[in-house]
Amino acid sequence: MSFIILLGVMFILTVLGLPLFYSIIFASIVTLFSFLPNIPVTIVAQQVMQGLDTNALQALAFFFLAGELMSVGGITTRIIRFVTSLIGRWKGSLAYINIFSSLFFGSISGSAVASTAAIGSSLIPAMKKSGYPADFSAALTQSASIIGPIIPPSVPMIVFAALAGAGVSVGKMFMSGIIPGIMIALVLILVTFILSKIYKYGNRATEFSWREVKESGKDAVWAIFCPIIILYGIISGIFTATEAGAVSVVYAYLVGTFVYKELSIELLKKALVSSLKGTITVMLIVGASSIFAWLIARLQISHQVAAWVSSVCDSPLEALILINVIVLFIGMIMDPTAALTILVPVFMPIVNQFGIAPIHFGLVIILNLMIGLVTPPVGYLIFLSANIAECEPMKVLKQSLPFLFSLLALLVLLILVPEFSTFLPDLLFPQ
């Protein structure tokens, strides 16, 4: 009953238009008064501040700002130009350029929404001019954009590490996404190739030029070096994930200002304001989730859920499959950050009880929630990409189905084979 009231009040307030932070706080206060009346309400403020006191959230702020600086500093256009010079001679190259650009840009922004907006605004119009249907262009762009939160640096992975507690480092989470991120790109390339053959998409190609490869590569080398520096620094132990975020901010500022010379004072202000809004929004939700998690533990809700899962599941694999089915449905109607806030405190005790690797669990539920961004009824990326492509969202959804089913198949594979997500963290961060 306590869990129903906690979730019910939060859901009603959110539907009525109250920001998620306030919805969680008010729902927690109602639950506190109803089931723990002897505990002072000041516990809410104490838990919120305790939830914000984590190094992982410092990394979040740095990577938000670094992503914004790189977006306005001319890096996106240079990445697209370089990828185009490499594979532009292929028939249907613009579709593949879209996927590879999302892979490169994702290693900088760590956000699916940012990737859709940045890549989509440049490549969707170009794909339309090249003969691709607008709805297919939008469907491919939004599907490829979910690579961003899977490969490092990843905003959802930072949030997960902050919520999961001790034993789950941001560095390990980052490494867990490299192989799955590449797998997503390869799956999307395969589906795109098949669809292009069937429907004769993208028969045009550009002439290959070594001169263009050299010029665009020379221009893009500074953009490509950023994720390399971040990963090398974390893997080698030169700096932590938080310090890597700070280094990426300095690097993005210097490159945008003194190398590309596109980062003006106005654009710097825009990047600062945008990153501040994004950081505050996520930090407030994570802070509010601390009192949410405290109530779940105090009222033994997680134990009740764990007992139910144990009664219907006999193995870790069955438990993980059941959890992911629940996450899939929640991801269809809820923002990924909000979903992580609610689900991680509930499911982490079950994960520990069944001996599931937290890194593996984090990777699959993050991918699961990213798939929710391209799935109705909410499907935020559907509407964003449709708006950029100037077409109906339902047409984008229809064109997205082959990509969606392939992503779900890949999710199942990643659930069944944890080594895809745990191999690199175990190799690079041995116990």
# chains A, B, ... in the order shown; residues from 1 in each chain; ligands from 1
$ residues_around --residues "region 112-125 of chain A" --least-positions-apart "5" --cutoff "8 Å" --atoms "only C-alpha atoms" --output "list in words"
Ser71, Thr76, Thr77, Leu94, Asn98, Ser101, Ser102, Phe105, Gly106, Ala134, Ser137, Ala138, Thr141, Gln142, Ser145, Ile146, Ile147, Gly148, Pro149, Met370, Leu381, Leu384, Ser385, Ile388 and Ala389 of chain A
$ write_last_selection --atoms "N, CA, C and O atoms" --output "compact mmCIF listing (two decimals), in the first residue's frame"
# COMPACT_ATOMS: atom_id res chain seq x y z
N SER A 71 29.16 21.34 -29.07
CA SER A 71 28.05 21.50 -30.02
C SER A 71 28.08 22.86 -30.69
O SER A 71 27.85 22.98 -31.90
N THR A 76 30.47 19.45 -34.51
CA THR A 76 29.50 18.59 -35.20
C THR A 76 29.69 18.63 -36.71
O THR A 76 29.75 17.59 -37.37
N THR A 77 29.78 19.81 -37.28
CA THR A 77 29.92 19.94 -38.73
C THR A 77 31.21 19.31 -39.22
O THR A 77 31.26 18.73 -40.31
N LEU A 94 24.69 8.60 -47.22
CA LEU A 94 24.18 9.55 -46.23
C LEU A 94 23.55 8.84 -45.03
O LEU A 94 23.64 9.32 -43.90
N ASN A 98 24.99 9.16 -41.28
CA ASN A 98 24.13 9.50 -40.13
C ASN A 98 24.50 8.63 -38.92
O ASN A 98 24.67 9.14 -37.81
N SER A 101 28.12 9.33 -37.71
CA SER A 101 28.17 10.65 -37.07
C SER A 101 27.58 10.59 -35.67
O SER A 101 28.08 11.22 -34.74
N SER A 102 26.50 9.83 -35.51
CA SER A 102 25.90 9.66 -34.18
C SER A 102 26.86 8.93 -33.25
O SER A 102 26.94 9.24 -32.05
N PHE A 105 29.52 11.64 -32.46
CA PHE A 105 28.96 12.72 -31.65
C PHE A 105 28.53 12.21 -30.28
O PHE A 105 28.64 12.93 -29.28
N GLY A 106 28.06 10.96 -30.23
CA GLY A 106 27.67 10.39 -28.94
C GLY A 106 28.83 10.28 -27.98
O GLY A 106 28.67 10.40 -26.77
N ALA A 134 11.39 11.63 -46.02
CA ALA A 134 11.58 12.40 -44.78
C ALA A 134 11.36 11.53 -43.55
O ALA A 134 12.11 11.63 -42.57
N SER A 137 14.34 9.23 -42.97
CA SER A 137 15.48 10.01 -42.49
C SER A 137 15.34 10.30 -40.99
O SER A 137 16.31 10.18 -40.23
N ALA A 138 14.13 10.67 -40.59
CA ALA A 138 13.88 10.96 -39.17
C ALA A 138 13.98 9.69 -38.33
O ALA A 138 14.55 9.70 -37.23
N THR A 141 17.64 8.70 -37.89
CA THR A 141 18.34 9.64 -37.02
C THR A 141 18.02 9.41 -35.55
O THR A 141 18.91 9.35 -34.71
N GLN A 142 16.73 9.25 -35.24
CA GLN A 142 16.36 9.05 -33.84
C GLN A 142 16.84 7.69 -33.32
O GLN A 142 17.24 7.57 -32.16
N SER A 145 20.57 7.89 -32.62
CA SER A 145 20.93 8.81 -31.53
C SER A 145 21.01 8.12 -30.17
O SER A 145 21.65 8.64 -29.26
N ILE A 146 20.38 6.95 -30.03
CA ILE A 146 20.44 6.29 -28.72
C ILE A 146 21.82 5.69 -28.46
O ILE A 146 22.09 5.22 -27.36
N ILE A 147 22.70 5.72 -29.48
CA ILE A 147 24.09 5.30 -29.24
C ILE A 147 24.75 6.24 -28.24
O ILE A 147 25.58 5.82 -27.42
N GLY A 148 24.38 7.52 -28.27
CA GLY A 148 25.01 8.54 -27.44
C GLY A 148 25.05 8.21 -25.96
O GLY A 148 26.10 8.32 -25.32
N PRO A 149 23.91 7.80 -25.36
CA PRO A 149 23.94 7.48 -23.92
C PRO A 149 24.54 6.12 -23.59
O PRO A 149 24.65 5.76 -22.42
N MET A 370 16.52 3.89 -23.21
CA MET A 370 16.78 4.65 -24.43
C MET A 370 15.86 4.19 -25.56
O MET A 370 15.39 5.00 -26.37
N LEU A 381 11.81 11.32 -28.88
CA LEU A 381 12.66 11.47 -30.06
C LEU A 381 11.85 11.34 -31.35
O LEU A 381 12.25 11.87 -32.39
N LEU A 384 10.62 14.87 -31.88
CA LEU A 384 11.72 15.77 -32.18
C LEU A 384 12.22 15.56 -33.60
O LEU A 384 12.39 16.53 -34.36
N SER A 385 12.45 14.32 -33.99
CA SER A 385 12.96 14.04 -35.33
C SER A 385 11.91 14.35 -36.39
O SER A 385 12.24 14.83 -37.48
N ILE A 388 11.98 18.05 -37.06
CA ILE A 388 13.12 18.44 -37.89
C ILE A 388 12.88 18.06 -39.35
O ILE A 388 13.19 18.82 -40.27
N ALA A 389 12.29 16.87 -39.56
CA ALA A 389 12.05 16.36 -40.92
C ALA A 389 10.80 16.95 -41.56
O ALA A 389 10.55 16.73 -42.75
$ closest_atom_pairs --of "region 176-257 of chain A" --to "region 352-364 of chain A" --cutoff "10 Å" --atoms "only C-alpha atoms" --output "JSON lines"
{"residue": "A:Ser176", "atom": "CA", "partner": "A:Leu363", "partner_atom": "CA", "distance": 6.8}
{"residue": "A:Gly177", "atom": "CA", "partner": "A:Leu363", "partner_atom": "CA", "distance": 6.7}
{"residue": "A:Pro180", "atom": "CA", "partner": "A:Leu363", "partner_atom": "CA", "distance": 8.7}
$ residues_around --residues "Ser274 (chain A)" --least-positions-apart "3" --cutoff "12 Å" --atoms "only C-alpha atoms" --output "mmCIF file with N, CA, C and O atoms, in the first residue's frame"
data_model
loop_
_atom_site.group_PDB
_atom_site.id
_atom_site.type_symbol
_atom_site.label_atom_id
_atom_site.label_comp_id
_atom_site.auth_asym_id
_atom_site.auth_seq_id
_atom_site.Cartn_x
_atom_site.Cartn_y
_atom_site.Cartn_z
ATOM 1 N N ALA A 61 27.974 17.517 -14.251
ATOM 2 C CA ALA A 61 28.017 18.947 -14.582
ATOM 3 C C ALA A 61 29.096 19.237 -15.623
ATOM 4 O O ALA A 61 28.864 19.988 -16.584
ATOM 5 N N PHE A 64 28.070 17.790 -19.129
ATOM 6 C CA PHE A 64 27.014 18.609 -19.722
ATOM 7 C C PHE A 64 27.618 19.838 -20.396
ATOM 8 O O PHE A 64 27.298 20.163 -21.544
ATOM 9 N N LEU A 65 28.500 20.531 -19.676
ATOM 10 C CA LEU A 65 29.099 21.754 -20.211
ATOM 11 C C LEU A 65 30.010 21.438 -21.393
ATOM 12 O O LEU A 65 29.987 22.148 -22.407
ATOM 13 N N ALA A 66 30.792 20.366 -21.295
ATOM 14 C CA ALA A 66 31.682 19.991 -22.393
ATOM 15 C C ALA A 66 30.883 19.691 -23.657
ATOM 16 O O ALA A 66 31.253 20.104 -24.761
ATOM 17 N N GLY A 67 29.775 18.973 -23.500
ATOM 18 C CA GLY A 67 28.927 18.654 -24.649
ATOM 19 C C GLY A 67 28.361 19.890 -25.310
ATOM 20 O O GLY A 67 28.323 19.994 -26.547
ATOM 21 N N GLU A 68 27.927 20.847 -24.493
ATOM 22 C CA GLU A 68 27.376 22.088 -25.044
ATOM 23 C C GLU A 68 28.457 22.900 -25.756
ATOM 24 O O GLU A 68 28.229 23.454 -26.834
ATOM 25 N N LEU A 69 29.644 22.983 -25.170
ATOM 26 C CA LEU A 69 30.744 23.736 -25.798
ATOM 27 C C LEU A 69 31.137 23.129 -27.132
ATOM 28 O O LEU A 69 31.415 23.839 -28.103
ATOM 29 N N SER A 71 29.160 21.342 -29.068
ATOM 30 C CA SER A 71 28.049 21.497 -30.015
ATOM 31 C C SER A 71 28.078 22.862 -30.691
ATOM 32 O O SER A 71 27.848 22.976 -31.896
ATOM 33 N N VAL A 72 28.342 23.908 -29.906
ATOM 34 C CA VAL A 72 28.328 25.265 -30.470
ATOM 35 C C VAL A 72 29.690 25.673 -31.015
ATOM 36 O O VAL A 72 29.809 26.705 -31.665
ATOM 37 N N ALA A 114 20.438 15.478 -27.522
ATOM 38 C CA ALA A 114 21.430 16.368 -28.140
ATOM 39 C C ALA A 114 21.893 15.812 -29.476
ATOM 40 O O ALA A 114 22.079 16.557 -30.443
ATOM 41 N N LEU A 267 28.053 32.603 -27.828
ATOM 42 C CA LEU A 267 27.862 31.160 -27.859
ATOM 43 C C LEU A 267 28.317 30.526 -26.549
ATOM 44 O O LEU A 267 27.737 29.532 -26.089
ATOM 45 N N LEU A 268 29.361 31.094 -25.938
ATOM 46 C CA LEU A 268 29.818 30.594 -24.645
ATOM 47 C C LEU A 268 28.734 30.793 -23.587
ATOM 48 O O LEU A 268 28.466 29.888 -22.781
ATOM 49 N N LYS A 269 28.100 31.958 -23.595
ATOM 50 C CA LYS A 269 27.000 32.219 -22.660
ATOM 51 C C LYS A 269 25.854 31.231 -22.889
ATOM 52 O O LYS A 269 25.277 30.697 -21.937
ATOM 53 N N LYS A 270 25.533 30.990 -24.167
ATOM 54 C CA LYS A 270 24.463 30.054 -24.510
ATOM 55 C C LYS A 270 24.779 28.655 -23.987
ATOM 56 O O LYS A 270 23.909 27.981 -23.412
ATOM 57 N N ALA A 271 26.031 28.217 -24.157
ATOM 58 C CA ALA A 271 26.446 26.900 -23.690
ATOM 59 C C ALA A 271 26.380 26.797 -22.171
ATOM 60 O O ALA A 271 25.941 25.787 -21.615
ATOM 61 N N LYS A 277 21.076 24.600 -17.017
ATOM 62 C CA LYS A 277 19.685 24.125 -16.925
ATOM 63 C C LYS A 277 19.637 22.601 -16.888
ATOM 64 O O LYS A 277 18.915 22.006 -16.079
ATOM 65 N N GLY A 278 20.395 21.967 -17.788
ATOM 66 C CA GLY A 278 20.400 20.506 -17.832
ATOM 67 C C GLY A 278 20.942 19.898 -16.553
ATOM 68 O O GLY A 278 20.380 18.934 -16.020
ATOM 69 N N THR A 279 22.035 20.472 -16.038
ATOM 70 C CA THR A 279 22.651 19.954 -14.820
ATOM 71 C C THR A 279 21.722 20.101 -13.625
ATOM 72 O O THR A 279 21.544 19.154 -12.835
ATOM 73 N N ILE A 280 21.125 21.277 -13.468
ATOM 74 C CA ILE A 280 20.238 21.522 -12.328
ATOM 75 C C ILE A 280 19.032 20.588 -12.381
ATOM 76 O O ILE A 280 18.617 20.027 -11.355
ATOM 77 N N THR A 281 18.467 20.406 -13.575
ATOM 78 C CA THR A 281 17.304 19.539 -13.708
ATOM 79 C C THR A 281 17.607 18.121 -13.233
ATOM 80 O O THR A 281 16.865 17.538 -12.433
#
$ atom_distance --atom1 "CA of Ser2 (chain A)" --atom2 "CA of Ser289 (chain A)"
16.2 Å
$ residues_around --residues "Gly165 (chain A)" --least-positions-apart "5" --cutoff "12 Å" --atoms "only C-alpha atoms" --output "ChimeraX atom specification"
/A:51,53-56,158-160,170,290,293,344-345,348-349,352,358-359,362
$ write_last_selection --atoms "C-alpha atoms" --output "compact mmCIF listing (two decimals), in the first residue's frame"
# COMPACT_ATOMS: atom_id res chain seq x y z
CA GLY A 51 21.80 12.51 -2.39
CA ASP A 53 26.79 14.83 -2.07
CA THR A 54 28.40 12.48 -4.59
CA ASN A 55 31.35 12.83 -6.94
CA ALA A 56 29.39 11.31 -9.83
CA ILE A 158 26.63 8.93 -14.46
CA VAL A 159 23.13 9.12 -12.97
CA PHE A 160 23.00 5.33 -12.55
CA VAL A 170 31.44 5.94 -13.39
CA SER A 290 17.44 10.08 -2.28
CA ALA A 293 15.12 5.56 -1.97
CA VAL A 344 17.33 1.74 -9.36
CA PRO A 345 16.54 1.97 -5.60
CA MET A 348 19.36 -2.87 -6.84
CA PRO A 349 18.65 -5.07 -3.77
CA ASN A 352 22.54 -7.98 -5.40
CA PRO A 358 25.58 -4.23 -11.28
CA ILE A 359 27.52 -3.02 -14.35
CA GLY A 362 23.01 -0.78 -15.42
$ select_by_dssp --residues "region 159-368 of chain A" --states "alpha helix (DSSP H)" --output "JSON, numbers by chain"
{"A": [159, 160, 161, 162, 163, 164, 170, 171, 172, 173, 174, 175, 176, 178, 179, 180, 181, 182, 183, 184, 185, 186, 187, 188, 189, 190, 191, 192, 193, 194, 195, 196, 197, 198, 199, 210, 211, 212, 213, 214, 215, 216, 217, 218, 219, 220, 221, 222, 223, 224, 225, 226, 227, 228, 229, 230, 231, 232, 233, 234, 235, 236, 241, 242, 243, 244, 245, 246, 247, 248, 249, 250, 251, 252, 253, 254, 265, 266, 267, 268, 269, 270, 271, 272, 273, 274, 275, 276, 277, 278, 279, 280, 281, 282, 283, 284, 285, 286, 287, 288, 289, 290, 291, 292, 293, 294, 295, 296, 297, 298, 301, 302, 303, 304, 305, 306, 307, 308, 309, 310, 311, 312, 316, 317, 318, 319, 320, 321, 322, 323, 324, 325, 326, 327, 328, 329, 330, 331, 336, 337, 338, 339, 340, 341, 342, 343, 344, 345, 346, 347, 348, 349, 350, 351, 352, 353, 354, 358, 359, 360, 361, 362, 363, 364, 365, 366, 367, 368]}
$ closest_residue --among "A:Thr42, A:Gln50, A:Asn368, A:Thr192" --to "Ile97 (chain A)" --atoms "only C-alpha atoms"
A:Thr192
$ closest_residue --among "A:Phe403, A:Tyr132, A:Phe329, A:Phe62" --to "Val155 (chain A)" --atoms "only C-alpha atoms"
A:Phe62
$ residues_around --residues "Ser23 (chain A)" --least-positions-apart "3" --cutoff "7 Å" --atoms "only C-alpha atoms" --output "list in words"
Met10, Leu13, Thr14, Leu18, Pro19, Leu20, Phe26 and Ala27 of chain A
$ residues_around --residues "Ala220 (chain A)" --least-positions-apart "6" --cutoff "10 Å" --atoms "only C-alpha atoms" --output "ChimeraX atom specification"
/A:74-83,214,260
$ residues_around --residues "Pro425 (chain A)" --least-positions-apart "2" --cutoff "12 Å" --atoms "only C-alpha atoms" --output "tab-separated table (two decimals) with all heavy atoms, in the first residue's frame"
chain	number	residue	atom	x	y	z
A	168	VAL	N	29.84	0.73	-7.79
A	168	VAL	CA	29.54	1.03	-9.19
A	168	VAL	C	30.19	2.37	-9.52
A	168	VAL	O	29.67	3.43	-9.17
A	168	VAL	CB	28.02	1.10	-9.46
A	168	VAL	CG1	27.76	1.39	-10.93
A	168	VAL	CG2	27.35	-0.20	-9.04
A	169	SER	N	31.32	2.32	-10.19
A	169	SER	CA	32.04	3.54	-10.52
A	169	SER	C	31.62	4.04	-11.90
A	169	SER	O	31.19	3.26	-12.76
A	169	SER	CB	33.55	3.31	-10.51
A	169	SER	OG	33.95	2.50	-11.61
A	170	VAL	N	31.75	5.34	-12.10
A	170	VAL	CA	31.44	5.94	-13.39
A	170	VAL	C	32.38	5.38	-14.47
A	170	VAL	O	31.96	5.10	-15.59
A	170	VAL	CB	31.55	7.48	-13.32
A	170	VAL	CG1	31.35	8.09	-14.70
A	170	VAL	CG2	30.54	8.05	-12.34
A	171	GLY	N	33.65	5.20	-14.12
A	171	GLY	CA	34.61	4.68	-15.09
A	171	GLY	C	34.22	3.30	-15.60
A	171	GLY	O	34.29	3.03	-16.80
A	172	LYS	N	33.80	2.41	-14.70
A	172	LYS	CA	33.37	1.07	-15.11
A	172	LYS	C	32.12	1.14	-15.99
A	172	LYS	O	31.99	0.40	-16.97
A	172	LYS	CB	33.10	0.20	-13.88
A	172	LYS	CG	34.35	-0.28	-13.16
A	172	LYS	CD	33.98	-1.23	-12.03
A	172	LYS	CE	35.24	-1.79	-11.36
A	172	LYS	NZ	34.90	-2.74	-10.27
A	173	MET	N	31.19	2.01	-15.61
A	173	MET	CA	29.98	2.14	-16.42
A	173	MET	C	30.32	2.63	-17.82
A	173	MET	O	29.76	2.16	-18.82
A	173	MET	CB	28.99	3.10	-15.74
A	173	MET	CG	28.26	2.53	-14.54
A	173	MET	SD	27.34	1.00	-14.89
A	173	MET	CE	26.28	1.51	-16.24
A	174	PHE	N	31.23	3.59	-17.90
A	174	PHE	CA	31.65	4.10	-19.21
A	174	PHE	C	32.20	2.97	-20.08
A	174	PHE	O	31.84	2.82	-21.25
A	174	PHE	CB	32.71	5.18	-19.04
A	174	PHE	CG	32.16	6.55	-18.71
A	174	PHE	CD1	30.79	6.74	-18.56
A	174	PHE	CD2	33.00	7.64	-18.55
A	174	PHE	CE1	30.29	8.00	-18.25
A	174	PHE	CE2	32.50	8.90	-18.24
A	174	PHE	CZ	31.14	9.07	-18.09
A	175	MET	N	33.09	2.16	-19.51
A	175	MET	CA	33.71	1.08	-20.28
A	175	MET	C	32.69	0.02	-20.70
A	175	MET	O	32.84	-0.61	-21.75
A	175	MET	CB	34.83	0.43	-19.46
A	175	MET	CG	36.01	1.33	-19.16
A	175	MET	SD	36.76	2.07	-20.63
A	175	MET	CE	36.22	3.77	-20.43
A	176	SER	N	31.65	-0.16	-19.91
A	176	SER	CA	30.65	-1.20	-20.22
A	176	SER	C	29.88	-0.90	-21.49
A	176	SER	O	29.30	-1.81	-22.10
A	176	SER	CB	29.66	-1.34	-19.05
A	176	SER	OG	28.78	-0.23	-18.99
A	177	GLY	N	29.86	0.36	-21.92
A	177	GLY	CA	29.05	0.74	-23.07
A	177	GLY	C	29.77	0.73	-24.40
A	177	GLY	O	29.13	0.89	-25.45
A	178	ILE	N	31.09	0.55	-24.40
A	178	ILE	CA	31.84	0.65	-25.65
A	178	ILE	C	31.45	-0.44	-26.64
A	178	ILE	O	31.09	-0.17	-27.80
A	178	ILE	CB	33.36	0.62	-25.37
A	178	ILE	CG1	33.79	1.88	-24.61
A	178	ILE	CG2	34.14	0.53	-26.69
A	178	ILE	CD1	35.26	1.91	-24.23
A	179	ILE	N	31.51	-1.71	-26.22
A	179	ILE	CA	31.17	-2.81	-27.12
A	179	ILE	C	29.70	-2.78	-27.51
A	179	ILE	O	29.37	-2.87	-28.71
A	179	ILE	CB	31.55	-4.17	-26.48
A	179	ILE	CG1	33.08	-4.27	-26.34
A	179	ILE	CG2	31.03	-5.32	-27.33
A	179	ILE	CD1	33.55	-5.53	-25.64
A	234	ILE	N	40.95	7.91	-18.22
A	234	ILE	CA	40.23	7.09	-17.24
A	234	ILE	C	40.85	5.69	-17.15
A	234	ILE	O	41.07	5.16	-16.06
A	234	ILE	CB	38.74	6.99	-17.61
A	234	ILE	CG1	38.08	8.38	-17.50
A	234	ILE	CG2	38.02	6.00	-16.71
A	234	ILE	CD1	36.64	8.40	-17.98
A	235	ILE	N	41.11	5.07	-18.32
A	235	ILE	CA	41.64	3.70	-18.34
A	235	ILE	C	43.02	3.63	-17.70
A	235	ILE	O	43.32	2.71	-16.93
A	235	ILE	CB	41.70	3.18	-19.79
A	235	ILE	CG1	40.28	3.01	-20.35
A	235	ILE	CG2	42.46	1.85	-19.86
A	235	ILE	CD1	40.25	2.73	-21.84
A	357	ALA	N	25.64	-8.90	-11.98
A	357	ALA	CA	26.66	-7.85	-12.00
A	357	ALA	C	25.99	-6.48	-12.13
A	357	ALA	O	25.25	-6.25	-13.10
A	357	ALA	CB	27.63	-8.08	-13.15
A	358	PRO	N	26.22	-5.56	-11.19
A	358	PRO	CA	25.58	-4.23	-11.28
A	358	PRO	C	25.90	-3.50	-12.58
A	358	PRO	O	25.06	-2.77	-13.10
A	358	PRO	CB	26.17	-3.49	-10.07
A	358	PRO	CG	26.55	-4.56	-9.11
A	358	PRO	CD	27.00	-5.71	-9.96
A	359	ILE	N	27.13	-3.67	-13.09
A	359	ILE	CA	27.52	-3.02	-14.35
A	359	ILE	C	26.65	-3.53	-15.49
A	359	ILE	O	26.16	-2.75	-16.33
A	359	ILE	CB	29.01	-3.28	-14.65
A	359	ILE	CG1	29.90	-2.68	-13.55
A	359	ILE	CG2	29.39	-2.71	-16.02
A	359	ILE	CD1	29.83	-1.19	-13.44
A	360	HIS	N	26.46	-4.83	-15.55
A	360	HIS	CA	25.62	-5.44	-16.59
A	360	HIS	C	24.18	-4.96	-16.45
A	360	HIS	O	23.54	-4.58	-17.44
A	360	HIS	CB	25.68	-6.97	-16.45
A	360	HIS	CG	24.83	-7.70	-17.43
A	360	HIS	ND1	24.11	-8.83	-17.10
A	360	HIS	CD2	24.55	-7.46	-18.74
A	360	HIS	CE1	23.44	-9.26	-18.16
A	360	HIS	NE2	23.69	-8.44	-19.15
A	363	LEU	N	23.86	-1.29	-17.63
A	363	LEU	CA	23.94	-1.14	-19.09
A	363	LEU	C	22.63	-1.53	-19.76
A	363	LEU	O	22.11	-0.79	-20.61
A	363	LEU	CB	25.11	-1.98	-19.62
A	363	LEU	CG	25.50	-1.90	-21.10
A	363	LEU	CD1	24.62	-2.73	-21.99
A	363	LEU	CD2	25.57	-0.47	-21.59
A	418	PRO	N	26.14	-11.40	-20.71
A	418	PRO	CA	26.65	-10.25	-19.93
A	418	PRO	C	28.08	-9.86	-20.27
A	418	PRO	O	28.47	-8.72	-20.02
A	418	PRO	CB	26.54	-10.75	-18.48
A	418	PRO	CG	26.48	-12.23	-18.56
A	418	PRO	CD	25.80	-12.54	-19.86
A	419	GLU	N	28.84	-10.78	-20.85
A	419	GLU	CA	30.25	-10.49	-21.16
A	419	GLU	C	30.40	-9.32	-22.13
A	419	GLU	O	31.44	-8.65	-22.14
A	419	GLU	CB	30.94	-11.73	-21.74
A	419	GLU	CG	31.21	-12.82	-20.72
A	419	GLU	CD	29.97	-13.61	-20.35
A	419	GLU	OE1	28.95	-13.50	-21.07
A	419	GLU	OE2	30.01	-14.35	-19.35
A	420	PHE	N	29.38	-9.06	-22.96
A	420	PHE	CA	29.46	-7.92	-23.87
A	420	PHE	C	29.62	-6.61	-23.10
A	420	PHE	O	30.26	-5.67	-23.57
A	420	PHE	CB	28.22	-7.85	-24.76
A	420	PHE	CG	28.21	-8.85	-25.88
A	420	PHE	CD1	27.12	-9.68	-26.07
A	420	PHE	CD2	29.28	-8.98	-26.74
A	420	PHE	CE1	27.10	-10.62	-27.11
A	420	PHE	CE2	29.28	-9.90	-27.78
A	420	PHE	CZ	28.19	-10.73	-27.95
A	421	SER	N	29.02	-6.53	-21.92
A	421	SER	CA	29.09	-5.30	-21.13
A	421	SER	C	30.10	-5.36	-20.00
A	421	SER	O	30.56	-4.33	-19.52
A	421	SER	CB	27.71	-4.97	-20.55
A	421	SER	OG	27.20	-6.05	-19.80
A	422	THR	N	30.48	-6.56	-19.56
A	422	THR	CA	31.39	-6.68	-18.41
A	422	THR	C	32.84	-6.95	-18.79
A	422	THR	O	33.73	-6.79	-17.96
A	422	THR	CB	30.92	-7.81	-17.47
A	422	THR	OG1	30.90	-9.06	-18.20
A	422	THR	CG2	29.52	-7.52	-16.94
A	423	PHE	N	33.08	-7.35	-20.04
A	423	PHE	CA	34.44	-7.73	-20.44
A	423	PHE	C	35.44	-6.58	-20.26
A	423	PHE	O	36.47	-6.73	-19.60
A	423	PHE	CB	34.46	-8.22	-21.89
A	423	PHE	CG	35.84	-8.47	-22.43
A	423	PHE	CD1	36.58	-9.56	-22.01
A	423	PHE	CD2	36.42	-7.58	-23.35
A	423	PHE	CE1	37.88	-9.78	-22.49
A	423	PHE	CE2	37.70	-7.80	-23.83
A	423	PHE	CZ	38.43	-8.91	-23.40
A	427	LEU	N	38.43	-6.17	-17.53
A	427	LEU	CA	39.78	-6.17	-18.06
A	427	LEU	C	40.56	-4.93	-17.63
A	427	LEU	O	41.74	-5.02	-17.25
A	427	LEU	CB	39.74	-6.25	-19.59
A	427	LEU	CG	41.08	-6.18	-20.32
A	427	LEU	CD1	41.91	-7.44	-20.02
A	427	LEU	CD2	40.86	-6.02	-21.83
A	428	LEU	N	39.90	-3.78	-17.69
A	428	LEU	CA	40.59	-2.51	-17.45
A	428	LEU	C	40.58	-2.07	-16.00
A	428	LEU	O	41.42	-1.28	-15.58
A	428	LEU	CB	39.96	-1.42	-18.32
A	428	LEU	CG	40.01	-1.67	-19.83
A	428	LEU	CD1	39.18	-0.63	-20.57
A	428	LEU	CD2	41.45	-1.67	-20.32
A	429	PHE	N	39.60	-2.59	-15.23
A	429	PHE	CA	39.51	-2.25	-13.80
A	429	PHE	C	39.44	-3.52	-12.98
A	429	PHE	O	38.42	-3.80	-12.33
A	429	PHE	CB	38.28	-1.38	-13.53
A	429	PHE	CG	38.28	-0.07	-14.23
A	429	PHE	CD1	37.59	0.10	-15.43
A	429	PHE	CD2	38.94	1.02	-13.71
A	429	PHE	CE1	37.58	1.31	-16.09
A	429	PHE	CE2	38.94	2.24	-14.35
A	429	PHE	CZ	38.26	2.38	-15.55
A	430	PRO	N	40.51	-4.35	-12.98
A	430	PRO	CA	40.49	-5.60	-12.21
A	430	PRO	C	40.37	-5.32	-10.73
A	430	PRO	O	40.89	-4.33	-10.23
A	430	PRO	CB	41.83	-6.25	-12.57
A	430	PRO	CG	42.71	-5.11	-12.98
A	430	PRO	CD	41.81	-4.11	-13.64
A	431	GLN	N	39.69	-6.23	-10.05
A	431	GLN	CA	39.51	-6.05	-8.61
A	431	GLN	C	40.82	-6.23	-7.85
A	431	GLN	O	41.61	-7.09	-8.18
A	431	GLN	CB	38.48	-7.08	-8.09
A	431	GLN	CG	37.10	-6.89	-8.68
A	431	GLN	CD	36.45	-5.57	-8.24
A	431	GLN	OE1	36.80	-5.01	-7.18
A	431	GLN	NE2	35.52	-5.07	-9.03
$ closest_residue --among "A:Leu190, A:Ile12, A:Leu140, A:Met183" --to "Ala386 (chain A)" --atoms "only C-alpha atoms"
A:Leu140
$ atom_distance --atom1 "CA of Met70 (chain A)" --atom2 "CA of Gly256 (chain A)"
7.1 Å
$ closest_residue --among "A:Ala161, A:Ala244, A:Ile371, A:Leu401" --to "Leu231 (chain A)" --atoms "only C-alpha atoms"
A:Ala244
$ closest_residue --among "A:Ala162, A:Val312, A:Leu407, A:Leu317" --to "Thr337 (chain A)" --atoms "only C-alpha atoms"
A:Ala162
